[in-house]
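Novice: Sharing a structure here in structure tokens format.
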Amino acid sequence: DVTRRERRPTMRDPSPLLASRPSRRYLNPSHKPAWYAARQKTITRAQKRVERRLWPIFGLAFAFDRRIDLDAAFGRSAVDRSALVLEIGCGSGEALCSLAASRPDADFVGVDWFRGGLAAAMQGLDEAGASANARLVRADAATLLRDGLEARRALDEVLVFFPDPWRGSEGRRIVRPEVVQSLSPLMQDGGRLHLATDVEGYADEARAVLASCCDAEARWEEVACNCCLPRPSTKYERDGIAAGRGVNDVCWRFVRGSVVRGCGD
């Protein structure tokens, strides 16, 4: 019947239209999928109480018109700065709490998007007695690196432990050219980047990305990971090992100019 309206395809009704769509789930890294914002609501009453009690101590406000002054956040001045470490995707803070407690001489900043994880991180930091040298930011890490940090306090080390592999949408992975380009101006000359992953191929992809971001002005050199802070064991690592996946640690040094340095430099 030519007068009958053609039935529109639905997700329960496979059709050539659906079959022709690309397999990559999220094509534009600048637009977050719906669940990315929805997961902000997955926070318990107990976690809300932790937020109210501890966010004034550990939380740093980030707005697009106001970059975070990390010297002010830690009560530092240009003459008494300590090493500054940023953990991208700190989650529930398992690694951050361990490092901040073991290194009271260094300042640690963790960034994550999900409120539930940050509430757990705040509670862990409070129990570890790390209120003086640890802070948290609720933000998308790529946006924070691009728009949120004052460049006058350079990063000595950046930690990326078991980042989301974004299967089917690898263009969203945190180690991608535009993120590295935002990170580079914030790095201390000789600063380190430490990536740990149990995703097959992720380390090699990251090597290619870092190599593509080198030029005559600055470059990333792969170094032995004993140059970096010892990585604490985390739930993601234990889950990967239990599932039979290997863990790869890869570290780089950021170098301005053409000087070649040793591990301890």
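Letters A, B, ... mark the chains of the structure tokens in the order given; residue numbers begin at 1 per chain; ligand numbers begin at 1, in order shown.
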Residues at most 8 Å from A:Val50, counting only C-alpha atoms, excluding those fewer than 3 positions away in the same chain, as a PyMOL selection string?
Specialist: chain A and resi 46-47+53-55+119+122-123
Novice: For those residues, write all heavy atoms to a file as a PDB file, in the first residue's frame.
Specialist:
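out-v9.pdb, written as the output of this step:
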ATOM      1  N   ALA A  46      24.991   9.615  52.770  1.00  0.00           N
ATOM      2  CA  ALA A  46      26.224   9.654  53.558  1.00  0.00           C
ATOM      3  C   ALA A  46      27.322  10.402  52.819  1.00  0.00           C
ATOM      4  O   ALA A  46      28.088  11.176  53.421  1.00  0.00           O
ATOM      5  CB  ALA A  46      26.680   8.230  53.875  1.00  0.00           C
ATOM      6  N   GLN A  47      27.404  10.207  51.493  1.00  0.00           N
ATOM      7  CA  GLN A  47      28.408  10.916  50.706  1.00  0.00           C
ATOM      8  C   GLN A  47      28.112  12.415  50.653  1.00  0.00           C
ATOM      9  O   GLN A  47      29.033  13.238  50.649  1.00  0.00           O
ATOM     10  CB  GLN A  47      28.475  10.321  49.302  1.00  0.00           C
ATOM     11  CG  GLN A  47      29.098   8.931  49.270  1.00  0.00           C
ATOM     12  CD  GLN A  47      28.949   8.261  47.922  1.00  0.00           C
ATOM     13  OE1 GLN A  47      28.010   8.527  47.163  1.00  0.00           O
ATOM     14  NE2 GLN A  47      29.890   7.384  47.604  1.00  0.00           N
ATOM     15  N   ARG A  53      30.834  18.382  54.881  1.00  0.00           N
ATOM     16  CA  ARG A  53      31.813  18.513  55.959  1.00  0.00           C
ATOM     17  C   ARG A  53      33.221  18.755  55.445  1.00  0.00           C
ATOM     18  O   ARG A  53      33.973  19.554  56.016  1.00  0.00           O
ATOM     19  CB  ARG A  53      31.782  17.244  56.828  1.00  0.00           C
ATOM     20  CG  ARG A  53      32.739  17.265  58.013  1.00  0.00           C
ATOM     21  CD  ARG A  53      32.472  16.100  58.939  1.00  0.00           C
ATOM     22  NE  ARG A  53      32.693  14.822  58.296  1.00  0.00           N
ATOM     23  CZ  ARG A  53      33.872  14.176  58.309  1.00  0.00           C
ATOM     24  NH1 ARG A  53      34.927  14.711  58.912  1.00  0.00           N
ATOM     25  NH2 ARG A  53      33.985  12.998  57.724  1.00  0.00           N
ATOM     26  N   LEU A  54      33.610  18.095  54.349  1.00  0.00           N
ATOM     27  CA  LEU A  54      35.013  18.092  53.955  1.00  0.00           C
ATOM     28  C   LEU A  54      35.337  18.889  52.689  1.00  0.00           C
ATOM     29  O   LEU A  54      36.504  19.218  52.471  1.00  0.00           O
ATOM     30  CB  LEU A  54      35.487  16.639  53.753  1.00  0.00           C
ATOM     31  CG  LEU A  54      35.487  15.767  55.018  1.00  0.00           C
ATOM     32  CD1 LEU A  54      35.940  14.352  54.684  1.00  0.00           C
ATOM     33  CD2 LEU A  54      36.375  16.375  56.091  1.00  0.00           C
ATOM     34  N   TRP A  55      34.332  19.209  51.875  1.00  0.00           N
ATOM     35  CA  TRP A  55      34.651  19.980  50.669  1.00  0.00           C
ATOM     36  C   TRP A  55      35.274  21.337  51.000  1.00  0.00           C
ATOM     37  O   TRP A  55      36.200  21.773  50.304  1.00  0.00           O
ATOM     38  CB  TRP A  55      33.419  20.152  49.788  1.00  0.00           C
ATOM     39  CG  TRP A  55      33.742  20.796  48.467  1.00  0.00           C
ATOM     40  CD1 TRP A  55      33.503  22.083  48.088  1.00  0.00           C
ATOM     41  CD2 TRP A  55      34.406  20.171  47.367  1.00  0.00           C
ATOM     42  NE1 TRP A  55      33.960  22.308  46.814  1.00  0.00           N
ATOM     43  CE2 TRP A  55      34.518  21.153  46.341  1.00  0.00           C
ATOM     44  CE3 TRP A  55      34.902  18.888  47.130  1.00  0.00           C
ATOM     45  CZ2 TRP A  55      35.118  20.878  45.113  1.00  0.00           C
ATOM     46  CZ3 TRP A  55      35.492  18.608  45.908  1.00  0.00           C
ATOM     47  CH2 TRP A  55      35.605  19.607  44.914  1.00  0.00           C
ATOM     48  N   ALA A 119      33.769  12.111  47.010  1.00  0.00           N
ATOM     49  CA  ALA A 119      33.384  12.026  48.415  1.00  0.00           C
ATOM     50  C   ALA A 119      34.205  10.959  49.127  1.00  0.00           C
ATOM     51  O   ALA A 119      34.687  11.168  50.249  1.00  0.00           O
ATOM     52  CB  ALA A 119      31.889  11.718  48.532  1.00  0.00           C
ATOM     53  N   MET A 122      37.733  12.328  49.615  1.00  0.00           N
ATOM     54  CA  MET A 122      37.827  13.272  50.730  1.00  0.00           C
ATOM     55  C   MET A 122      37.860  12.554  52.072  1.00  0.00           C
ATOM     56  O   MET A 122      38.651  12.898  52.956  1.00  0.00           O
ATOM     57  CB  MET A 122      36.638  14.245  50.691  1.00  0.00           C
ATOM     58  CG  MET A 122      36.785  15.331  49.658  1.00  0.00           C
ATOM     59  SD  MET A 122      35.460  16.567  49.776  1.00  0.00           S
ATOM     60  CE  MET A 122      34.107  15.683  49.024  1.00  0.00           C
ATOM     61  N   GLN A 123      37.023  11.539  52.206  1.00  0.00           N
ATOM     62  CA  GLN A 123      37.001  10.801  53.460  1.00  0.00           C
ATOM     63  C   GLN A 123      38.335  10.091  53.686  1.00  0.00           C
ATOM     64  O   GLN A 123      38.865  10.083  54.798  1.00  0.00           O
ATOM     65  CB  GLN A 123      35.858   9.790  53.453  1.00  0.00           C
ATOM     66  CG  GLN A 123      35.640   9.104  54.792  1.00  0.00           C
ATOM     67  CD  GLN A 123      34.274   8.461  54.894  1.00  0.00           C
ATOM     68  OE1 GLN A 123      33.519   8.415  53.937  1.00  0.00           O
ATOM     69  NE2 GLN A 123      33.943   7.951  56.068  1.00  0.00           N
TER      70      GLN A 123
END
Novice: Just want the 12 Å neighbourhood of A:Asp147, counted on only C-alpha atoms, with same-chain residues fewer than 3 positions away dropped. Output as a ChimeraX atom specification.
Specialist: /A:62-68,139-144,150-151,179,182-183,185-186
Novice: So that each row is one residue of stretch 157-222 of chain A with an atom at most 8 Å from stretch 74-88 of chain A, can you give its shortest atom pair and the distance in Å to one decimal, using only C-alpha atoms, rows by chain and rising number, as a Markdown table?
Specialist:
| residue | atom | partner | partner_atom | distance |
| --- | --- | --- | --- | --- |
| A:Glu157 | CA | A:Val85 | CA | 4.8 |
| A:Val158 | CA | A:Leu86 | CA | 4.8 |
| A:Leu159 | CA | A:Glu87 | CA | 4.6 |
| A:Val160 | CA | A:Ile88 | CA | 5.3 |
| A:Phe161 | CA | A:Ile88 | CA | 7.7 |
Novice: Could I get the residues of stretch 73-137 of chain A with an atom no further than 7 Å from an atom of stretch 230-241 of chain A, each paired with its nearest atom pair and that distance in Å to one decimal, using only C-alpha atoms, sorted by chain and residue number, as CSV?
Specialist:
residue,atom,partner,partner_atom,distance
A:Glu94,CA,A:Thr234,CA,6.2
A:Ala95,CA,A:Pro232,CA,5.5
A:Ser98,CA,A:Pro232,CA,6.9
Novice: Would you list the contacts of A:Val180 as number ranges by chain, taking every protein, DNA or RNA residue within 12 Å and counting only C-alpha atoms, but skipping same-chain residues closer than 2 positions in sequence?
Specialist: A: 141-143, 145-146, 158, 173-178, 182-187, 193, 206-214, 218-220, 254
Novice: Save the residues we just selected, N, CA and C atoms, as a compact mmCIF listing (two decimals), in the first residue's frame?
Specialist:
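The resulting file, out17.txt, is shown below:
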# COMPACT_ATOMS: atom_id res chain seq x y z
N ALA A 141 38.90 16.59 33.25
CA ALA A 141 40.34 16.84 33.30
C ALA A 141 40.84 17.60 32.09
N ALA A 142 40.35 17.28 30.91
CA ALA A 142 40.80 17.97 29.70
C ALA A 142 40.46 19.46 29.78
N THR A 143 39.27 19.77 30.29
CA THR A 143 38.86 21.16 30.43
C THR A 143 39.69 21.87 31.49
N LEU A 145 42.80 21.22 32.39
CA LEU A 145 44.14 21.49 31.87
C LEU A 145 44.13 22.66 30.88
N ARG A 146 43.07 22.76 30.11
CA ARG A 146 43.01 23.82 29.09
C ARG A 146 42.66 25.17 29.69
N VAL A 158 52.67 14.23 36.78
CA VAL A 158 51.26 13.99 36.45
C VAL A 158 51.04 12.48 36.42
N ARG A 173 39.95 9.21 24.73
CA ARG A 173 40.94 8.85 25.74
C ARG A 173 41.70 10.08 26.21
N ILE A 174 42.05 10.07 27.49
CA ILE A 174 42.66 11.27 28.07
C ILE A 174 44.04 11.55 27.47
N VAL A 175 44.76 10.52 27.06
CA VAL A 175 46.06 10.75 26.41
C VAL A 175 45.81 10.90 24.92
N ARG A 176 45.52 12.12 24.53
CA ARG A 176 45.29 12.45 23.13
C ARG A 176 45.95 13.78 22.84
N PRO A 177 46.22 14.11 21.58
CA PRO A 177 47.08 15.26 21.27
C PRO A 177 46.62 16.57 21.89
N GLU A 178 45.33 16.90 21.83
CA GLU A 178 44.89 18.20 22.33
C GLU A 178 45.06 18.30 23.84
N SER A 182 47.60 20.90 25.94
CA SER A 182 47.20 21.74 27.07
C SER A 182 48.07 21.49 28.28
N LEU A 183 48.55 20.27 28.44
CA LEU A 183 49.37 19.91 29.60
C LEU A 183 50.78 20.49 29.52
N SER A 184 51.35 20.50 28.34
CA SER A 184 52.76 20.87 28.18
C SER A 184 53.11 22.23 28.79
N PRO A 185 52.33 23.30 28.57
CA PRO A 185 52.71 24.59 29.17
C PRO A 185 52.64 24.61 30.69
N LEU A 186 51.96 23.64 31.28
CA LEU A 186 51.82 23.59 32.74
C LEU A 186 52.93 22.79 33.41
N MET A 187 53.77 22.11 32.60
CA MET A 187 54.77 21.21 33.15
C MET A 187 56.05 21.93 33.55
N LEU A 193 55.48 12.39 33.55
CA LEU A 193 54.14 11.88 33.30
C LEU A 193 54.18 10.37 33.45
N ALA A 206 49.62 5.69 23.50
CA ALA A 206 50.09 6.87 24.24
C ALA A 206 51.49 7.26 23.80
N ARG A 207 52.35 6.28 23.55
CA ARG A 207 53.70 6.59 23.06
C ARG A 207 53.63 7.36 21.75
N ALA A 208 52.75 6.93 20.85
CA ALA A 208 52.61 7.61 19.57
C ALA A 208 52.09 9.04 19.75
N VAL A 209 51.15 9.22 20.68
CA VAL A 209 50.61 10.56 20.93
C VAL A 209 51.69 11.48 21.47
N LEU A 210 52.44 11.01 22.48
CA LEU A 210 53.49 11.85 23.06
C LEU A 210 54.58 12.18 22.04
N ALA A 211 54.91 11.22 21.18
CA ALA A 211 55.92 11.47 20.15
C ALA A 211 55.44 12.52 19.16
N SER A 212 54.13 12.53 18.88
CA SER A 212 53.59 13.49 17.92
C SER A 212 53.54 14.91 18.50
N CYS A 213 53.68 15.04 19.82
CA CYS A 213 53.60 16.35 20.47
C CYS A 213 54.99 16.93 20.76
N CYS A 214 56.02 16.39 20.16
CA CYS A 214 57.37 16.90 20.35
C CYS A 214 57.74 17.85 19.22
N ALA A 218 60.05 21.85 22.79
CA ALA A 218 59.81 20.96 23.93
C ALA A 218 59.53 19.55 23.42
N ARG A 219 59.80 18.57 24.27
CA ARG A 219 59.56 17.19 23.87
C ARG A 219 59.32 16.33 25.11
N TRP A 220 58.77 15.15 24.85
CA TRP A 220 58.53 14.15 25.88
C TRP A 220 59.47 12.98 25.63
N PHE A 254 59.31 15.59 30.62
CA PHE A 254 59.07 16.74 29.76
C PHE A 254 60.33 17.59 29.74
Novice: If you count only C-alpha atoms, which residues fall within 10 Å of stretch 130-135 of chain A, apart from same-chain ones fewer than 2 positions away, as a ChimeraX atom specification?
Specialist: /A:54-55,57-60,70,73-75,82,84-86,96-111,121-122,124-128,137
Novice: Which residues are close to A:Cys228, i.e. within 10 Å by only C-alpha atoms, leaving aside same-chain residues fewer than 3 positions away? Reply as a CSV table (one decimal) with all heavy atoms, in the first residue's frame.
Specialist:
chain,number,residue,atom,x,y,z
A,156,ASP,N,55.2,19.1,38.7
A,156,ASP,CA,56.4,18.3,38.7
A,156,ASP,C,56.1,16.8,38.3
A,156,ASP,O,57.0,16.2,37.7
A,156,ASP,CB,57.0,18.2,40.2
A,156,ASP,CG,57.5,19.6,40.6
A,156,ASP,OD1,58.7,19.9,40.2
A,156,ASP,OD2,56.8,20.3,41.2
A,157,GLU,N,54.9,16.4,38.5
A,157,GLU,CA,54.5,15.0,38.1
A,157,GLU,C,53.0,15.0,37.8
A,157,GLU,O,52.2,15.6,38.6
A,157,GLU,CB,55.0,14.0,39.1
A,157,GLU,CG,54.9,12.6,38.6
A,157,GLU,CD,55.8,11.6,39.4
A,157,GLU,OE1,56.7,12.1,40.0
A,157,GLU,OE2,55.5,10.4,39.3
A,158,VAL,N,52.7,14.2,36.8
A,158,VAL,CA,51.3,14.0,36.5
A,158,VAL,C,51.0,12.5,36.4
A,158,VAL,O,51.8,11.7,35.8
A,158,VAL,CB,50.9,14.6,35.1
A,158,VAL,CG1,49.5,14.3,34.7
A,158,VAL,CG2,51.1,16.1,35.2
A,159,LEU,N,50.0,12.0,37.1
A,159,LEU,CA,49.7,10.6,37.2
A,159,LEU,C,48.4,10.3,36.5
A,159,LEU,O,47.4,11.0,36.7
A,159,LEU,CB,49.6,10.2,38.7
A,159,LEU,CG,50.7,10.7,39.7
A,159,LEU,CD1,50.3,10.3,41.1
A,159,LEU,CD2,52.0,10.2,39.3
A,191,GLY,N,59.7,17.7,34.4
A,191,GLY,CA,58.6,17.1,35.0
A,191,GLY,C,58.2,15.7,34.4
A,191,GLY,O,58.6,15.5,33.3
A,192,ARG,N,57.5,14.9,35.2
A,192,ARG,CA,57.2,13.5,34.7
A,192,ARG,C,55.8,13.3,34.5
A,192,ARG,O,54.9,13.9,35.1
A,192,ARG,CB,57.7,12.5,35.8
A,192,ARG,CG,59.1,12.0,35.6
A,192,ARG,CD,60.1,13.1,36.0
A,192,ARG,NE,61.5,12.5,36.3
A,192,ARG,CZ,62.5,13.2,36.6
A,192,ARG,NH1,62.4,14.5,36.7
A,192,ARG,NH2,63.7,12.6,36.8
A,193,LEU,N,55.5,12.4,33.5
A,193,LEU,CA,54.1,11.9,33.3
A,193,LEU,C,54.2,10.4,33.5
A,193,LEU,O,55.0,9.7,32.8
A,193,LEU,CB,53.7,12.3,31.9
A,193,LEU,CG,52.4,11.6,31.4
A,193,LEU,CD1,51.2,12.0,32.2
A,193,LEU,CD2,52.1,11.9,29.9
A,194,HIS,N,53.3,9.8,34.3
A,194,HIS,CA,53.3,8.4,34.6
A,194,HIS,C,51.9,7.8,34.2
A,194,HIS,O,50.9,8.2,34.8
A,194,HIS,CB,53.6,8.2,36.1
A,194,HIS,CG,53.7,6.7,36.5
A,194,HIS,ND1,54.1,6.3,37.7
A,194,HIS,CD2,53.4,5.6,35.8
A,194,HIS,CE1,54.1,5.0,37.8
A,194,HIS,NE2,53.7,4.5,36.6
A,223,VAL,N,61.2,7.5,29.9
A,223,VAL,CA,62.2,7.2,30.9
A,223,VAL,C,61.8,6.0,31.7
A,223,VAL,O,60.6,5.6,31.7
A,223,VAL,CB,62.5,8.4,31.8
A,223,VAL,CG1,63.0,9.6,31.0
A,223,VAL,CG2,61.2,8.8,32.5
A,224,ALA,N,62.7,5.4,32.4
A,224,ALA,CA,62.4,4.4,33.3
A,224,ALA,C,61.4,4.9,34.4
A,224,ALA,O,61.6,6.0,34.9
A,224,ALA,CB,63.6,3.8,34.0
A,225,CYS,N,60.5,4.0,34.9
A,225,CYS,CA,59.5,4.5,35.9
A,225,CYS,C,60.1,4.6,37.3
A,225,CYS,O,59.4,5.1,38.1
A,225,CYS,CB,58.3,3.6,35.8
A,225,CYS,SG,57.2,3.9,34.4
A,231,ARG,N,54.2,3.8,42.4
A,231,ARG,CA,52.7,3.7,42.2
A,231,ARG,C,52.1,2.7,43.2
A,231,ARG,O,52.4,1.6,43.2
A,231,ARG,CB,52.4,3.3,40.7
A,231,ARG,CG,50.9,3.1,40.5
A,231,ARG,CD,50.6,2.8,39.0
A,231,ARG,NE,51.2,1.6,38.6
A,231,ARG,CZ,50.8,0.3,38.8
A,231,ARG,NH1,49.7,0.2,39.6
A,231,ARG,NH2,51.4,-0.7,38.4
A,251,CYS,N,56.5,5.9,31.5
A,251,CYS,CA,56.8,7.2,32.1
A,251,CYS,C,57.6,8.0,31.1
A,251,CYS,O,58.4,7.5,30.3
A,251,CYS,CB,57.6,7.0,33.4
A,251,CYS,SG,56.7,6.1,34.7
A,252,TRP,N,57.3,9.3,31.1
A,252,TRP,CA,58.0,10.3,30.2
A,252,TRP,C,58.5,11.4,31.1
A,252,TRP,O,57.9,11.8,32.1
A,252,TRP,CB,57.0,10.8,29.2
A,252,TRP,CG,56.5,9.9,28.2
A,252,TRP,CD1,57.0,9.6,26.9
A,252,TRP,CD2,55.4,9.0,28.3
A,252,TRP,NE1,56.3,8.7,26.3
A,252,TRP,CE2,55.2,8.3,27.1
A,252,TRP,CE3,54.4,8.8,29.3
A,252,TRP,CZ2,54.2,7.4,26.9
A,252,TRP,CZ3,53.4,7.9,29.1
A,252,TRP,CH2,53.3,7.2,27.9
A,253,ARG,N,59.5,12.1,30.6
A,253,ARG,CA,60.0,13.3,31.1
A,253,ARG,C,59.8,14.4,30.1
A,253,ARG,O,60.0,14.3,28.9
A,253,ARG,CB,61.5,13.2,31.4
A,253,ARG,CG,62.1,14.5,32.0
A,253,ARG,CD,63.6,14.5,31.9
A,253,ARG,NE,64.3,13.5,32.6
A,253,ARG,CZ,64.9,12.4,32.1
A,253,ARG,NH1,65.0,12.3,30.8
A,253,ARG,NH2,65.5,11.5,32.9
A,263,CYS,N,68.2,10.4,34.7
A,263,CYS,CA,67.0,10.2,35.4
A,263,CYS,C,66.9,11.0,36.7
A,263,CYS,O,65.8,11.5,37.0
A,263,CYS,CB,67.0,8.7,35.8
A,263,CYS,SG,65.6,8.2,36.8
A,264,GLY,N,68.0,11.3,37.3
A,264,GLY,CA,67.9,12.1,38.6
A,264,GLY,C,67.9,13.6,38.4
A,264,GLY,O,67.9,14.3,39.4
Novice: Got a sec to tell me which of stretch 9-229 of chain A DSSP assigns to strand (DSSP E), as a ChimeraX atom specification?
Specialist: /A:59-60,84-88,107-112,134-138,155-161,187-197,218-223
